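K.L.:
What follows is a structure written as structure tokens; I'll ask about it next.
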Amino acid sequence: MEANNGQARPGTTNGYGSRGDDGVCHDDSATPVRANTVDELHSLQRKPTAALSSSQLEERHKQQLQSISASLASTTCGIGPKLVKGDPARKKEMVGKALPHHQHHITVPTISVSDSDLKFTHVLYNLSPSELYEHAIKYEKGSFITSSGALATLSGAKTGRSPRDKRVVKDETTADDLWWGKGSPNIEMDEHTFLINRERAVDYLNSLDKVFVNDQFLNWDPNNRIKVRIISARAYHSLFMHNMCIRPTYEELENFGEPDFTIYNAGQFPCNRYTHYMTSSTSIDISLKRREMVILGTQYAGEMKKGLFSVMHYLMPKKQILSLHSGCNMGRAGDVALFFGLSGTGKTTLSTDRNRILIGDDEHCWSDNGISNIEGGCYAKCIDLSQEKEPDIWDAIKFGTVLENVVFDEHSREVDYTEKSVTENTRAAYPIEYIANAKIPCVGPHPKNVILLACDAFGVLPPVSKLSHAQTMYHFISGYTALVAGTEDGIKEPQATFSACFGAAFIMLHPTRYAAMLADKMKKHGATGWLVNTGWIGGSYGVGERISLAYTRKIIDAIHSGELLATGYKRTEVFGLDIPTKVEGVPSELFDPINTWEDKDSYKLTLFKLADLFKRNFKVFTNHKNGGVSDLADEIAAAGPNF
Ligand SMILES: Nc1ncnc2c1ncn2[C@@H]1O[C@H](COP(=O)(O)OP(=O)(O)O)[C@@H](O)[C@H]1O
Ligand SMILES: C=C(OP(=O)(O)O)C(=O)O
Ligand SMILES: [Ca+2]
Ligand SMILES: [Mn+2]
């Protein structure tokens with residue numbers, strides 16, 4: 001209200017607050033927030049999530065804590081640590097302040113000694129991405145929020161898998177069942193040594209004042225779902241597995257019960273080099289009998305993902321379900337394609353396709369019901385990632401996504417995906433629903449096309465070949481590819497390698513066991529096999545160049561559409577591969593590698609060199625009879641290179 005000549009009269013307001021005789025504004029007109037202190041205001045901000053009444057909730061929490069305590073129990077004394085739920089930092093905030101009436105007074109257990117018998121460990125149970133962001137930003141140096149909202153993290157000294165430090169317990173349950181010896185990824189350990197490392201990991205985790213616990217699932221096929229529990233010491237690990245495993249609903253969590261498999265991730269803590277079987281201060285140990293995995297001396301989150309994959313490679317075949325290191329997508333007409341390949345060959349890139357529905361990017365099961373994704377998320381390489389080349393993966397890098405070892409602008413926090421100064425194996429881990437055309441639940445009918453991806457560093461394999469049934473088995477068992485830089489410790493440039501089933505690092509049984517199941521399923525469901533080279537053309541690595549992704553996508557489109565089944569073929573020398581004469585949008589001269597090599601003699605030499613490598617590698621399989629492929633063995637061996 002206007003006072004005379006615009007001046008507010010004492011004690012009145014002119015819309016800008018009242019002015020006293022001293023002319024100073026004494027604005028107390030707005031109603032104050034309903035809190036008497038700042039602390040009280042803060043306590044109003046977050047309300048309990050309880051969908052249940054407090055007594056039900058308390059009962060459920062108690063059961064969960066008992067189960068988690070049992071998981072963290074040393075095998076020597078059988079009882080587990082004293083646990084309390086919630087963030088220790090928050091407990092300190094709550095103590096001694098006037099609590100709002102609706103909150104019980106929480107007695108904060110004093111964490112006075114590191115002795116795990118006397119102290120409490122705080123359990124941060126299935127936290128949300130927001131809560132995990134806050135823990136990472138607050139406590140984990142090297143954690144930042146990027147301009148697109150993703151959480152950038154560092155995995156420490158290890159930025160790739162450490163296959164040489166992986167151990168599997170050889171005991172009465174695994175001695176005869178698993179693939180051991182030459183070529184096998186399974187390096188043995190005895191149970192006692194497993195327990196020594198388990199004790200070390202459990203002692204480390206129990207010495208902390210908080211641990212993260214994720215109770216989640218693997219395998220979207222409801223009839224063959226596995227319950228997993230991941231106990232870790234880093235918010236980054238908890239968020240990574242939140243994204244990569246299947247996220248339970250509130251009700252599923254309520255009835256979760258006991259896990260089928262448990263991971264103890266004490267990655268920041270080294271193993272004891274004096275311990276038997278150790279090859280470094282890193283050890284990733286799996287006991288199938290105890291259904292436990294221990295991680296010491298590496299913080300690379302991919303170890304958890306791949307460790308669980310190995311477990312599925314053991315559990316699923318026991319149920320006549322074929323576990324596969326493959327991407328998978330489905331056309332609008334319901335045609336399912338599998339993309340097998342070792343790390344960096346293109347499973348994630350090629351299964352993520354704007355014109356198709358994504359079922360999964362890396363790990364699947366093929367059962368009598370069809371295909372199901374094992375995981376709840378995708379783990380994409382993001383070196384040289386661009387919005388133009390891979391728009392869907394680009395768009396998936398947003399709030400909730402974990403970015404491993406990327407480099408970003410210190411001010412704008414914009415990520416430079418070309419940067420390799422930390423590692424070339426930079427990664428993005430995101431929930432599968434971050435991909436617009438993801439199929440939820442991640443299940444589909446039986447595959448129509450089985451595409452084997454080889455990143456050929458020699459540059460002599462055709463960009464695409466249609467395979468006979470026997471050739472499909474031959475190349476599946478051979479698993480030829482080039483390990484690209486960074487994926488595994490010590491790989492600095494593409495290295496020609498043979499990785500059985502396109503994922504030998506993870507399989508538990510002899511490759512011919514998986515090949516026998518694949519042969520059977522492909523025959524039963526009329527699937528066609530293809531070999532696609534996503535590697536070099538026009539010369540080997542260093543001379544030629546990697547085939548453009550655009551051309552590979554055109555080739556894959558032609559496989560999906562059936563165009564490639566209808567086109568003409570010619571057979572190549574040595575490998576005897578059927579190569580198409582044309583594909584829409586791809587220069588025809590590319591299909592026969594000899595056309596793209598300047599020096600034809602050098603091409604022939606290199607072709608024979610690779611063929612010889614194939615022959616030498618396959619020898620280890622021809623004299624292997626169990627696994628049910630013995631009748632196929634001769635036919636398969638004959639499907640390799642002839643020279
Ligand atoms: N012709 C190509 N086909 C597939 N991927 C390619 C091609 N050329 C380059 N790439 C790159 O190779 C990498 C493949 O990584 P990714 O799909 O994550 O492999 P995987 O899932 O098999 O580990 C991506 O960075 C992709 O951009
Ligand atoms: C993380 C991995 O998966 P990929 O590289 O196949 O995506 C890996 O193989 O280590
Ligand atoms: Ca991948
Ligand atoms: Mn993989």
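Naming works like this for the structure tokens: A, B, ... for the chains as they're shown, residue 1 at the start of each chain, ligands 1 onward in shown order.
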Give the residue list for ligand 2 at 9 Å, counting only C-alpha atoms and all ligand atoms, as a ChimeraX atom specification, sorted by chain and then by residue number.
P.N.:
/A:160-161,301-303,305-306,325-327,341-348,361-363,378-381,425,427,487-488,503,505-506
K.L.:
What's the 8 Å shell around Leu518 in chain A, counting only C-alpha atoms, without same-chain residues fewer than 4 positions away, as number ranges by chain?
P.N.:
A: 322, 473, 514, 522
K.L.:
Given the selection you just returned, output its residues as a file containing N, CA and C atoms, formatted as a short mmCIF file (atom, residue, chain, number, x, y, z; two decimals), in the first residue's frame.
P.N.:
```
data_model
loop_
_atom_site.label_atom_id
_atom_site.label_comp_id
_atom_site.auth_asym_id
_atom_site.auth_seq_id
_atom_site.Cartn_x
_atom_site.Cartn_y
_atom_site.Cartn_z
N LEU A 322 22.42 -73.35 -23.16
CA LEU A 322 23.70 -72.92 -23.74
C LEU A 322 23.97 -71.46 -23.37
N MET A 473 30.70 -74.47 -36.73
CA MET A 473 31.27 -75.12 -35.54
C MET A 473 32.78 -74.91 -35.50
N TYR A 514 30.12 -76.72 -25.45
CA TYR A 514 29.27 -75.61 -25.91
C TYR A 514 28.99 -75.76 -27.40
N MET A 522 21.29 -74.97 -33.48
CA MET A 522 21.22 -74.32 -34.80
C MET A 522 20.48 -75.22 -35.78
#
```
K.L.:
Within 7 Å of range 118-122 of chain A, counting only C-alpha atoms, which residues qualify if same-chain residues fewer than 6 places away don't, as a ChimeraX atom specification?
P.N.:
/A:82-88,109,111-112,206,208-211
K.L.:
Would you save the residues of that selection, restricted to all heavy atoms, as a short mmCIF file (atom, residue, chain, number, x, y, z; two decimals), in the first residue's frame?
P.N.:
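Written file, result-v8.cif:
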```cif
data_model
loop_
_atom_site.label_atom_id
_atom_site.label_comp_id
_atom_site.auth_asym_id
_atom_site.auth_seq_id
_atom_site.Cartn_x
_atom_site.Cartn_y
_atom_site.Cartn_z
N LYS A 82 28.80 -57.83 13.53
CA LYS A 82 27.60 -57.06 13.92
C LYS A 82 27.37 -56.02 12.84
O LYS A 82 28.29 -55.32 12.43
CB LYS A 82 27.86 -56.37 15.28
CG LYS A 82 27.84 -57.32 16.45
CD LYS A 82 27.82 -56.59 17.78
CE LYS A 82 29.15 -55.98 18.13
NZ LYS A 82 30.20 -57.00 18.35
N LEU A 83 26.13 -55.97 12.36
CA LEU A 83 25.86 -55.06 11.26
C LEU A 83 24.74 -54.10 11.65
O LEU A 83 23.86 -54.44 12.42
CB LEU A 83 25.41 -55.85 10.01
CG LEU A 83 26.40 -56.87 9.45
CD1 LEU A 83 25.77 -57.59 8.26
CD2 LEU A 83 27.70 -56.21 9.02
N VAL A 84 24.80 -52.92 11.08
CA VAL A 84 23.69 -51.98 11.24
C VAL A 84 23.46 -51.36 9.87
O VAL A 84 24.40 -51.21 9.08
CB VAL A 84 24.05 -50.92 12.31
CG1 VAL A 84 25.23 -50.08 11.90
CG2 VAL A 84 22.86 -50.06 12.60
N LYS A 85 22.19 -51.07 9.55
CA LYS A 85 21.89 -50.57 8.21
C LYS A 85 22.03 -49.06 8.17
O LYS A 85 21.78 -48.39 9.18
CB LYS A 85 20.45 -50.94 7.85
CG LYS A 85 20.43 -51.88 6.66
CD LYS A 85 19.03 -52.08 6.14
CE LYS A 85 19.06 -52.98 4.91
NZ LYS A 85 17.73 -53.29 4.43
N GLY A 86 22.42 -48.56 7.03
CA GLY A 86 22.41 -47.12 6.85
C GLY A 86 23.81 -46.54 6.78
O GLY A 86 24.80 -47.19 7.03
N ASP A 87 23.84 -45.27 6.46
CA ASP A 87 25.08 -44.56 6.20
C ASP A 87 25.68 -44.08 7.52
O ASP A 87 25.03 -43.35 8.25
CB ASP A 87 24.77 -43.35 5.29
CG ASP A 87 26.00 -42.49 5.03
OD1 ASP A 87 27.06 -42.80 5.61
OD2 ASP A 87 25.88 -41.52 4.27
N PRO A 88 26.90 -44.52 7.86
CA PRO A 88 27.47 -44.10 9.13
C PRO A 88 27.50 -42.58 9.28
O PRO A 88 27.24 -42.04 10.34
CB PRO A 88 28.89 -44.68 9.11
CG PRO A 88 29.14 -45.11 7.73
CD PRO A 88 27.81 -45.37 7.10
N PRO A 109 25.88 -46.93 17.20
CA PRO A 109 26.90 -47.79 17.80
C PRO A 109 28.26 -47.11 17.62
O PRO A 109 28.59 -46.66 16.54
CB PRO A 109 26.81 -49.06 16.96
CG PRO A 109 26.11 -48.70 15.71
CD PRO A 109 25.33 -47.46 15.97
N ILE A 111 31.94 -46.77 16.81
CA ILE A 111 32.93 -47.57 16.10
C ILE A 111 34.27 -47.17 16.69
O ILE A 111 34.92 -46.24 16.24
CB ILE A 111 32.87 -47.24 14.59
CG1 ILE A 111 31.45 -47.57 14.08
CG2 ILE A 111 33.90 -48.05 13.83
CD1 ILE A 111 31.25 -47.23 12.65
N SER A 112 34.57 -47.77 17.83
CA SER A 112 35.74 -47.26 18.56
C SER A 112 36.99 -48.03 18.18
O SER A 112 38.08 -47.54 18.22
CB SER A 112 35.50 -47.43 20.05
OG SER A 112 35.13 -48.78 20.27
N ASN A 206 35.16 -56.38 6.65
CA ASN A 206 34.63 -56.18 8.01
C ASN A 206 35.40 -55.11 8.78
O ASN A 206 34.93 -54.61 9.78
CB ASN A 206 34.67 -57.50 8.80
CG ASN A 206 33.63 -58.48 8.29
OD1 ASN A 206 32.66 -58.05 7.64
ND2 ASN A 206 33.84 -59.76 8.52
N LEU A 208 36.06 -52.26 7.59
CA LEU A 208 35.59 -50.94 7.13
C LEU A 208 34.40 -50.50 7.97
O LEU A 208 33.73 -51.32 8.59
CB LEU A 208 35.17 -51.04 5.65
CG LEU A 208 36.24 -51.57 4.70
CD1 LEU A 208 35.65 -51.78 3.32
CD2 LEU A 208 37.43 -50.63 4.66
N ASP A 209 34.07 -49.21 7.95
CA ASP A 209 32.88 -48.84 8.73
C ASP A 209 31.63 -48.91 7.86
O ASP A 209 30.52 -48.78 8.34
CB ASP A 209 33.04 -47.46 9.38
CG ASP A 209 32.96 -46.32 8.37
OD1 ASP A 209 32.95 -46.62 7.16
OD2 ASP A 209 32.89 -45.16 8.80
N LYS A 210 31.81 -49.19 6.55
CA LYS A 210 30.61 -49.41 5.73
C LYS A 210 30.96 -50.32 4.55
O LYS A 210 32.07 -50.28 4.03
CB LYS A 210 30.05 -48.08 5.22
CG LYS A 210 30.93 -47.40 4.21
CD LYS A 210 30.39 -46.04 3.78
CE LYS A 210 31.35 -45.41 2.78
NZ LYS A 210 31.00 -44.05 2.43
N VAL A 211 29.99 -51.14 4.17
CA VAL A 211 30.12 -51.95 2.95
C VAL A 211 28.84 -51.78 2.15
O VAL A 211 27.76 -51.53 2.70
CB VAL A 211 30.33 -53.46 3.25
CG1 VAL A 211 31.70 -53.74 3.81
CG2 VAL A 211 29.22 -54.02 4.12
#
```
K.L.:
For the atom pair CA of Ile435 in chain A and CA of Asn449 in chain A, what is the interatomic distance in Å to one decimal place?
P.N.:
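Between CA of Ile435 in chain A and CA of Asn449 in chain A the gap is 22.2 Å.
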K.L.:
Just want the 12 Å neighbourhood of Asp557 in chain A, counted on only C-alpha atoms, with same-chain residues fewer than 6 positions away dropped. Output as a list in words.
P.N.:
Asn329, Met330, Gly331, Ala337, Leu350, Ser351, Asp353, Arg354, Asn355, Arg356, Asn449, Ile451, Val464, Ala550, Tyr551, Glu563, Leu564, Leu565, Val583, Glu584, Gly585 and Val586 of chain A
K.L.:
Find the residue from A:Phe399, A:Phe458, A:Phe591, A:Trp530 that sits nearest to Ile579 in chain A; use only C-alpha atoms when measuring.
P.N.:
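Ranked by minimum distance to Ile579 in chain A, first place goes to A:Phe591.
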K.L.:
Using backbone DSSP assignments, extract all strand (DSSP E or B) residues from range 124-201 of chain A; output them as a VMD selection string.
P.N.:
chain A and resid 124 to 125 144 to 145 151 to 153 161 166 to 169 188 to 189
